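Coordinates as given in data.txt (compact mmCIF, C-alpha atoms and all ligand atoms):
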```txt
# COMPACT_ATOMS: atom_id res chain seq x y z
CA MET A 123 137.15 70.63 113.89
CA ILE A 124 135.72 70.50 110.38
CA GLU A 125 137.74 71.98 107.54
CA ASN A 126 136.86 75.59 106.63
CA ARG A 127 134.40 75.91 109.48
CA MET A 128 132.08 78.90 109.35
CA LEU A 129 129.49 77.80 111.92
CA GLU A 130 129.13 74.75 114.11
CA ALA A 131 126.65 73.72 116.75
CA ASP A 132 128.03 70.77 118.68
CA HIS A 133 125.36 68.81 120.59
CA ILE A 134 123.62 71.92 121.88
CA LEU A 135 120.70 72.02 124.28
CA PHE A 136 118.69 75.17 124.88
CA ARG A 137 115.53 76.12 126.79
CA TYR A 138 113.96 79.51 127.36
CA ALA A 139 112.92 78.72 130.95
CA GLN A 140 114.44 76.49 133.59
CA ASN A 141 112.93 72.99 133.66
CA ALA A 142 110.95 73.73 130.49
CA LYS A 143 111.11 71.32 127.58
CA PRO A 144 114.24 72.01 125.50
CA VAL A 145 113.60 74.06 122.35
CA LEU A 146 116.85 72.71 120.90
CA ASP A 147 117.68 69.19 122.01
CA ASP A 148 121.06 67.74 121.09
CA VAL A 149 121.35 69.75 117.88
CA SER A 150 124.53 69.39 115.84
CA VAL A 151 125.09 71.33 112.63
CA GLU A 152 128.23 72.05 110.62
CA ILE A 153 128.41 74.79 108.01
CA ARG A 154 131.52 75.38 105.91
CA LYS A 155 132.73 78.69 104.51
CA GLY A 156 131.13 79.46 101.18
CA GLU A 157 128.17 77.10 101.57
CA PHE A 158 124.60 78.10 100.77
CA ILE A 159 122.41 76.36 103.34
CA ALA A 160 118.64 76.27 103.57
CA VAL A 161 117.04 75.54 106.95
CA LEU A 162 113.49 74.19 106.84
CA GLY A 163 110.98 73.18 109.49
CA ALA A 164 107.44 73.83 110.72
CA ASN A 165 106.62 76.90 112.81
CA GLY A 166 107.97 76.63 116.33
CA CYS A 167 110.50 73.87 115.63
CA GLY A 168 113.45 76.01 116.76
CA LYS A 169 114.90 77.57 113.58
CA SER A 170 115.09 81.15 114.89
CA THR A 171 116.40 79.93 118.23
CA LEU A 172 119.21 78.11 116.42
CA ALA A 173 119.94 81.19 114.27
CA LYS A 174 120.26 83.33 117.40
CA HIS A 175 122.91 80.94 118.72
CA PHE A 176 125.03 81.66 115.66
CA ASN A 177 125.63 85.27 116.63
CA ALA A 178 125.62 84.83 120.37
CA ILE A 179 122.24 86.45 120.99
CA LEU A 180 121.54 83.16 122.79
CA LEU A 181 124.01 80.77 124.43
CA PRO A 182 123.49 77.03 124.81
CA GLU A 183 122.88 75.40 128.17
CA LYS A 184 124.84 72.35 127.01
CA GLY A 185 127.16 71.84 124.07
CA THR A 186 129.18 74.41 122.15
CA VAL A 187 128.57 76.86 119.32
CA TRP A 188 131.48 77.93 117.15
CA VAL A 189 131.77 80.87 114.77
CA GLU A 190 134.94 80.04 112.83
CA GLU A 191 137.48 79.53 115.66
CA ILE A 192 135.47 81.45 118.27
CA ASN A 193 133.43 79.77 121.00
CA THR A 194 130.30 81.93 121.38
CA GLN A 195 130.66 81.67 125.19
CA ASP A 196 133.74 83.90 124.88
CA GLU A 197 132.32 87.29 125.92
CA GLU A 198 135.44 89.12 124.83
CA ARG A 199 134.85 88.07 121.23
CA ILE A 200 131.22 89.15 121.01
CA TYR A 201 132.02 92.05 118.68
CA ASP A 202 134.01 89.74 116.35
CA ILE A 203 131.11 87.27 116.30
CA ARG A 204 128.53 89.97 115.45
CA GLN A 205 130.83 91.36 112.73
CA LYS A 206 131.35 87.93 111.16
CA VAL A 207 127.71 86.82 111.25
CA GLY A 208 125.09 89.26 109.97
CA MET A 209 121.38 88.67 110.43
CA VAL A 210 118.43 89.78 108.33
CA PHE A 211 115.00 89.25 109.85
CA GLN A 212 111.46 88.78 108.61
CA ASN A 213 109.87 92.20 108.81
CA PRO A 214 111.71 94.80 106.70
CA ASP A 215 109.99 97.69 108.52
CA ASN A 216 111.51 96.69 111.87
CA GLN A 217 115.06 96.86 110.51
CA ILE A 218 115.05 100.34 109.03
CA VAL A 219 116.26 103.16 111.25
CA ALA A 220 117.02 106.14 108.99
CA THR A 221 114.93 108.28 106.64
CA ILE A 222 117.24 107.94 103.62
CA VAL A 223 118.47 104.63 102.22
CA GLU A 224 122.21 105.40 102.26
CA GLU A 225 122.01 106.72 105.81
CA ASP A 226 120.31 103.53 106.85
CA VAL A 227 123.05 101.42 105.26
CA ALA A 228 125.69 103.59 106.98
CA PHE A 229 124.03 103.43 110.41
CA ALA A 230 125.98 100.54 111.99
CA LEU A 231 129.31 101.72 110.56
CA GLU A 232 128.71 105.21 111.89
CA ASN A 233 128.14 103.77 115.36
CA LEU A 234 131.43 101.93 115.11
CA GLY A 235 133.22 105.15 114.27
CA VAL A 236 134.50 103.99 110.89
CA PRO A 237 136.30 107.00 109.33
CA GLN A 238 134.36 109.02 106.73
CA PRO A 239 136.17 108.10 103.44
CA GLU A 240 136.21 104.39 104.29
CA MET A 241 132.59 104.54 105.34
CA ARG A 242 131.60 106.20 102.03
CA ALA A 243 133.38 103.44 100.07
CA ARG A 244 131.90 100.62 102.12
CA VAL A 245 128.35 101.99 101.99
CA ASP A 246 128.49 102.49 98.21
CA GLU A 247 129.95 99.03 97.71
CA ALA A 248 127.32 97.43 99.95
CA MET A 249 124.47 99.23 98.13
CA GLN A 250 125.88 98.05 94.78
CA MET A 251 126.21 94.47 96.02
CA ALA A 252 122.64 94.44 97.31
CA GLY A 253 121.31 96.03 94.11
CA ILE A 254 119.80 99.13 95.71
CA PHE A 255 122.39 101.74 94.73
CA LYS A 256 119.98 103.51 92.41
CA HIS A 257 117.58 104.01 95.32
CA LYS A 258 120.25 105.44 97.64
CA ASP A 259 118.65 108.90 97.99
CA LYS A 260 115.10 107.63 98.51
CA ALA A 261 113.06 107.31 101.68
CA PRO A 262 113.03 103.63 102.74
CA HIS A 263 109.32 103.71 103.57
CA LYS A 264 108.56 104.49 99.92
CA LEU A 265 110.29 101.30 98.74
CA SER A 266 108.69 97.90 98.16
CA GLY A 267 109.14 95.12 100.73
CA GLY A 268 111.79 93.43 98.59
CA GLN A 269 113.71 96.68 98.15
CA LYS A 270 113.56 97.29 101.92
CA GLN A 271 114.99 93.83 102.57
CA ARG A 272 117.81 94.62 100.16
CA VAL A 273 118.47 97.83 102.13
CA ALA A 274 118.68 95.67 105.28
CA ILE A 275 121.03 93.28 103.46
CA ALA A 276 123.21 96.22 102.37
CA GLY A 277 123.41 97.44 105.99
CA VAL A 278 124.68 94.00 107.02
CA ILE A 279 127.05 93.66 104.05
CA ALA A 280 128.63 97.04 104.89
CA MET A 281 129.95 95.32 108.03
CA ARG A 282 131.84 92.92 105.72
CA PRO A 283 130.49 89.75 107.34
CA ASP A 284 131.69 86.26 106.40
CA CYS A 285 128.21 84.87 106.84
CA LEU A 286 124.66 86.08 106.28
CA ILE A 287 121.75 84.51 108.12
CA MET A 288 118.35 85.24 106.60
CA ASP A 289 115.59 84.38 109.09
CA GLU A 290 112.51 84.06 106.88
CA SER A 291 113.55 87.31 105.25
CA THR A 292 111.47 86.59 102.16
CA ALA A 293 108.31 85.56 104.03
CA MET A 294 106.56 88.94 103.82
CA LEU A 295 107.52 89.67 100.21
CA ASP A 296 105.58 89.29 96.98
CA PRO A 297 106.96 86.80 94.43
CA ILE A 298 108.96 89.46 92.56
CA GLY A 299 110.52 90.88 95.74
CA ARG A 300 111.28 87.35 96.90
CA ASP A 301 112.96 86.47 93.64
CA LYS A 302 115.11 89.62 93.70
CA VAL A 303 116.21 89.04 97.29
CA MET A 304 117.02 85.41 96.46
CA ARG A 305 119.09 86.47 93.43
CA THR A 306 120.88 89.03 95.57
CA VAL A 307 121.92 86.49 98.19
CA GLN A 308 122.91 83.97 95.51
CA LYS A 309 125.17 86.62 93.97
CA LEU A 310 126.70 87.45 97.36
CA ASN A 311 127.37 83.74 97.80
CA HIS A 312 128.70 82.97 94.30
CA GLU A 313 130.67 86.13 93.57
CA PHE A 314 131.86 87.17 97.00
CA GLY A 315 132.01 83.83 98.79
CA ILE A 316 129.72 84.93 101.62
CA THR A 317 128.29 81.93 103.47
CA VAL A 318 124.48 82.03 103.43
CA VAL A 319 122.09 80.39 105.88
CA MET A 320 118.57 80.86 104.56
CA ILE A 321 115.73 79.93 106.89
CA THR A 322 112.69 79.67 104.67
CA HIS A 323 109.23 78.24 104.10
CA TYR A 324 109.69 78.32 100.33
CA MET A 325 110.81 75.00 98.92
CA GLU A 326 111.70 76.67 95.62
CA GLU A 327 114.39 78.58 97.54
CA ALA A 328 115.60 75.45 99.32
CA VAL A 329 115.97 73.63 95.99
CA LEU A 330 118.63 76.22 95.03
CA ALA A 331 120.77 75.63 98.16
CA ASP A 332 123.95 73.53 98.29
CA ARG A 333 122.63 71.71 101.32
CA VAL A 334 119.33 71.56 103.20
CA ILE A 335 118.85 71.07 106.94
CA VAL A 336 115.38 70.05 108.12
CA MET A 337 114.37 70.60 111.74
CA ASN A 338 111.42 69.16 113.61
CA ASP A 339 110.48 69.73 117.26
CA GLY A 340 113.93 70.87 118.40
CA HIS A 341 115.92 68.31 116.43
CA VAL A 342 117.74 68.15 113.11
CA VAL A 343 115.89 65.33 111.36
CA LEU A 344 117.16 65.43 107.77
CA GLU A 345 120.26 66.83 106.14
CA GLY A 346 121.70 66.59 102.65
CA THR A 347 121.71 67.99 99.14
CA PRO A 348 118.29 69.13 97.88
CA PRO A 349 117.78 65.94 95.80
CA GLU A 350 118.67 63.81 98.83
CA VAL A 351 116.39 65.69 101.22
CA PHE A 352 113.41 65.94 98.86
CA ARG A 353 113.64 62.37 97.55
CA ASP A 354 110.90 61.04 99.84
CA SER A 355 107.84 63.29 99.39
CA ASP A 356 105.84 61.53 102.14
CA LYS A 357 108.61 62.14 104.66
CA ILE A 358 108.74 65.83 103.69
CA ARG A 359 104.97 66.10 104.20
CA ALA A 360 105.27 64.32 107.56
CA TYR A 361 107.50 67.19 108.74
CA LYS A 362 104.72 69.61 107.66
CA LEU A 363 106.73 70.92 104.72
CA ASP A 364 105.62 71.40 101.13
CA VAL A 365 107.05 69.26 98.39
CA PRO A 366 108.69 71.43 95.69
CA GLN A 367 106.14 72.03 92.92
CA ALA A 368 108.26 70.47 90.17
CA LYS A 369 108.80 67.38 92.33
CA GLU A 370 105.07 67.13 93.06
CA LEU A 371 104.24 67.36 89.36
CA CYS A 372 106.79 64.65 88.53
CA ASP A 373 105.41 62.42 91.34
CA GLU A 374 101.91 62.76 89.84
CA LEU A 375 103.10 62.13 86.30
CA ARG A 376 105.04 59.06 87.42
CA ALA A 377 101.94 57.74 89.21
CA ALA A 378 100.09 58.21 85.91
CA GLY A 379 102.70 56.07 84.16
CA VAL A 380 105.03 58.71 82.71
CA ASP A 381 108.66 57.62 82.82
CA LEU A 382 110.42 60.42 84.76
CA PRO A 383 113.39 60.09 87.13
CA GLU A 384 112.67 60.38 90.87
CA THR A 385 115.51 62.86 91.34
CA ILE A 386 113.81 65.86 89.73
CA ILE A 387 113.08 68.69 92.18
CA GLY A 388 113.60 71.91 90.20
CA ALA A 389 111.46 73.53 87.49
CA GLU A 390 114.30 73.63 84.94
CA GLU A 391 115.15 69.93 85.25
CA CYS A 392 111.45 69.10 85.11
CA ALA A 393 111.00 71.11 81.91
CA ALA A 394 114.08 69.51 80.34
CA ALA A 395 112.92 65.97 81.19
CA LEU A 396 109.41 66.63 79.82
CA ALA A 397 110.81 68.22 76.66
CA ALA A 398 113.04 65.16 76.13
CA LEU A 399 110.01 62.84 76.48
CA LEU A 400 107.96 64.87 73.99
CA LYS A 401 110.63 64.77 71.31
N1 LIG B 501 111.59 84.42 123.75
C1 LIG B 501 110.97 83.25 123.94
N2 LIG B 501 110.56 82.85 125.15
C2 LIG B 501 109.96 81.66 125.35
N3 LIG B 501 109.72 80.77 124.38
C3 LIG B 501 110.11 81.09 123.14
C4 LIG B 501 110.75 82.34 122.84
N4 LIG B 501 111.03 82.38 121.51
C5 LIG B 501 110.57 81.22 121.01
N5 LIG B 501 110.02 80.44 121.97
C6 LIG B 501 109.47 79.10 121.78
O1 LIG B 501 110.50 78.24 121.33
C7 LIG B 501 110.04 77.36 120.32
C8 LIG B 501 110.89 77.56 119.05
O2 LIG B 501 110.67 78.86 118.56
P1 LIG B 501 111.43 79.43 117.31
O3 LIG B 501 112.88 79.17 117.45
O4 LIG B 501 111.00 80.84 117.13
O5 LIG B 501 110.86 78.51 116.14
P2 LIG B 501 110.80 78.75 114.55
O6 LIG B 501 111.72 79.88 114.23
O7 LIG B 501 111.21 77.44 113.96
O8 LIG B 501 109.36 79.06 114.23
C9 LIG B 501 108.57 77.66 120.13
O9 LIG B 501 107.83 76.75 120.91
C10 LIG B 501 108.42 79.06 120.66
O10 LIG B 501 107.13 79.28 121.18
MG MG B 502 111.38 81.71 113.27
```

Spell out the structure here as structure tokens.
Amino acid sequence: MIENRMLEADHILFRYAQNAKPVLDDVSVEIRKGEFIAVLGANGCGKSTLAKHFNAILLPEKGTVWVEEINTQDEERIYDIRQKVGMVFQNPDNQIVATIVEEDVAFALENLGVPQPEMRARVDEAMQMAGIFKHKDKAPHKLSGGQKQRVAIAGVIAMRPDCLIMDESTAMLDPIGRDKVMRTVQKLNHEFGITVVMITHYMEEAVLADRVIVMNDGHVVLEGTPPEVFRDSDKIRAYKLDVPQAKELCDELRAAGVDLPETIIGAEECAAALAALLK
């Protein structure tokens, strides 16, 4: 067992129908407590299917999935698994159940029968952490997409999970909403130590992760720090992913004879390197 294990998939195989081609084929992934992981891969490569294994919505046909010390096959621990691993999905409108923000955030706790004073404290804390406290009395449908996703995040955080899985939760947002949601999850990771698994199509989000996992056609094909994973732009394109914009710009400038290091992937590093050259 890896040290500080949050999530582990150990050689898992999964298919939706008997005899069908596996959607996950011999997938192994290890995620430690406190890590911020980005998962990338073209549509249909199995990202959501993998995510659903991490809170026992799906179980593998072969191999084992672990949530901390719990094997997800252990039916008696299903509540513990769901409490430890919270999921936020793509469409914010599908996740909202109440007509007032704070009631929505309280919904899951209410169902669990958490006593009133504790519930009040946890809901307020979760709304603060997700940055939507000032909207607590509003109707969710009047909020922007990004605000709605932060309401969904608050509802999950109120459960005090150890790990947050975001399954393309920024995909339907405008750039401002996306940025705010990203900052919110970064804060939850940095300040509160919540492990984050961010499935995304945005390379600018992946660049900010501690580690990136790239999937292709049911397999994990690349894994490493963002500079390691994005080093080879052609390989990234071969997996139908975008190259981060700053990296693409540096590739072009290098091809035009400008002396820039191949390791640059983020906008800030790119700006700093260009500024240094212009001095
Ligand atoms: N409920 C389902 N029943 C049958 N096939 C499914 C189901 N969900 C997903 N699939 C198929 O499994 C593959 C992986 O899907 P998914 O995990 O959603 O990929 P991703 O999240 O990377 O886009 C796709 O070929 C998809 O069509
Ligand atoms: Mg998906």

Worksheet item: Between A:Pro348, A:Pro366, A:Gly163, A:Pro214, which has the minimum distance to ligand LIG 501 (chain B) (counting only C-alpha atoms and all ligand atoms)?
Response: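 Of the candidates, the smallest distance to ligand LIG 501 (chain B) is held by A:Gly163.
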
Item to complete: Go through A:His323, A:His175, A:Lys206, A:Arg376 one by one, measure the shortest atom-to-atom distance of each to A:Met281 using only C-alpha atoms, and give the residue with the smallest value.
Response: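 Counting only C-alpha atoms, the residue closest to A:Met281 is A:Lys206.
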
Practice prompt. Around ligand MG 502 (chain B), at most 8 Å away and counting all atoms listed in the file, which residues are there? Put them as a VMD selection string, please.
Written response: chain A and resid 165 to 166 168 to 171 289 to 290 321

If you keep C-alpha atoms, can you produce a file of those selected residues as a compact mmCIF listing (two decimals), in the coordinates of the input?
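Produced file part_28.txt, reproduced below:
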```txt
# COMPACT_ATOMS: atom_id res chain seq x y z
CA ASN A 165 106.62 76.90 112.81
CA GLY A 166 107.97 76.63 116.33
CA GLY A 168 113.45 76.01 116.76
CA LYS A 169 114.90 77.57 113.58
CA SER A 170 115.09 81.15 114.89
CA THR A 171 116.40 79.93 118.23
CA ASP A 289 115.59 84.38 109.09
CA GLU A 290 112.51 84.06 106.88
CA ILE A 321 115.73 79.93 106.89
```

Worksheet item: Quick one: residues within 12 Å of A:Lys155, all atoms listed in the file counted, chain neighbours fewer than 5 positions away excluded, as a VMD selection string?
Response: chain A and resid 124 to 130 189 to 190 206 to 207 283 to 286 311 to 312 314 to 319 332

Fill in: Cut-off 12 Å, all atoms listed in the file, neighbours of ligand LIG 501 (chain B) as a ChimeraX atom specification
/A:136-140,142-147,161-175,179-180,211-212,288-291,320-323,336-342,362

Discussion item. Taking 2 positions as the minimum chain separation for residues in the same chain, which residues sit within 9 Å of stretch 298-303 of chain A when counting all atoms listed in the file? Answer as a list of chain:residue names.
Written reply: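 Non-adjacent residues within range: A:Ala252, A:Gly253, A:Ser266, A:Gly267, A:Gly268, A:Gln269, A:Gln271, A:Arg272, A:Ile275, A:Ser291, A:Thr292, A:Ala293, A:Met294, A:Leu295, A:Asp296, A:Arg305, A:Thr306, A:Val307, A:Gln308, A:Glu327.
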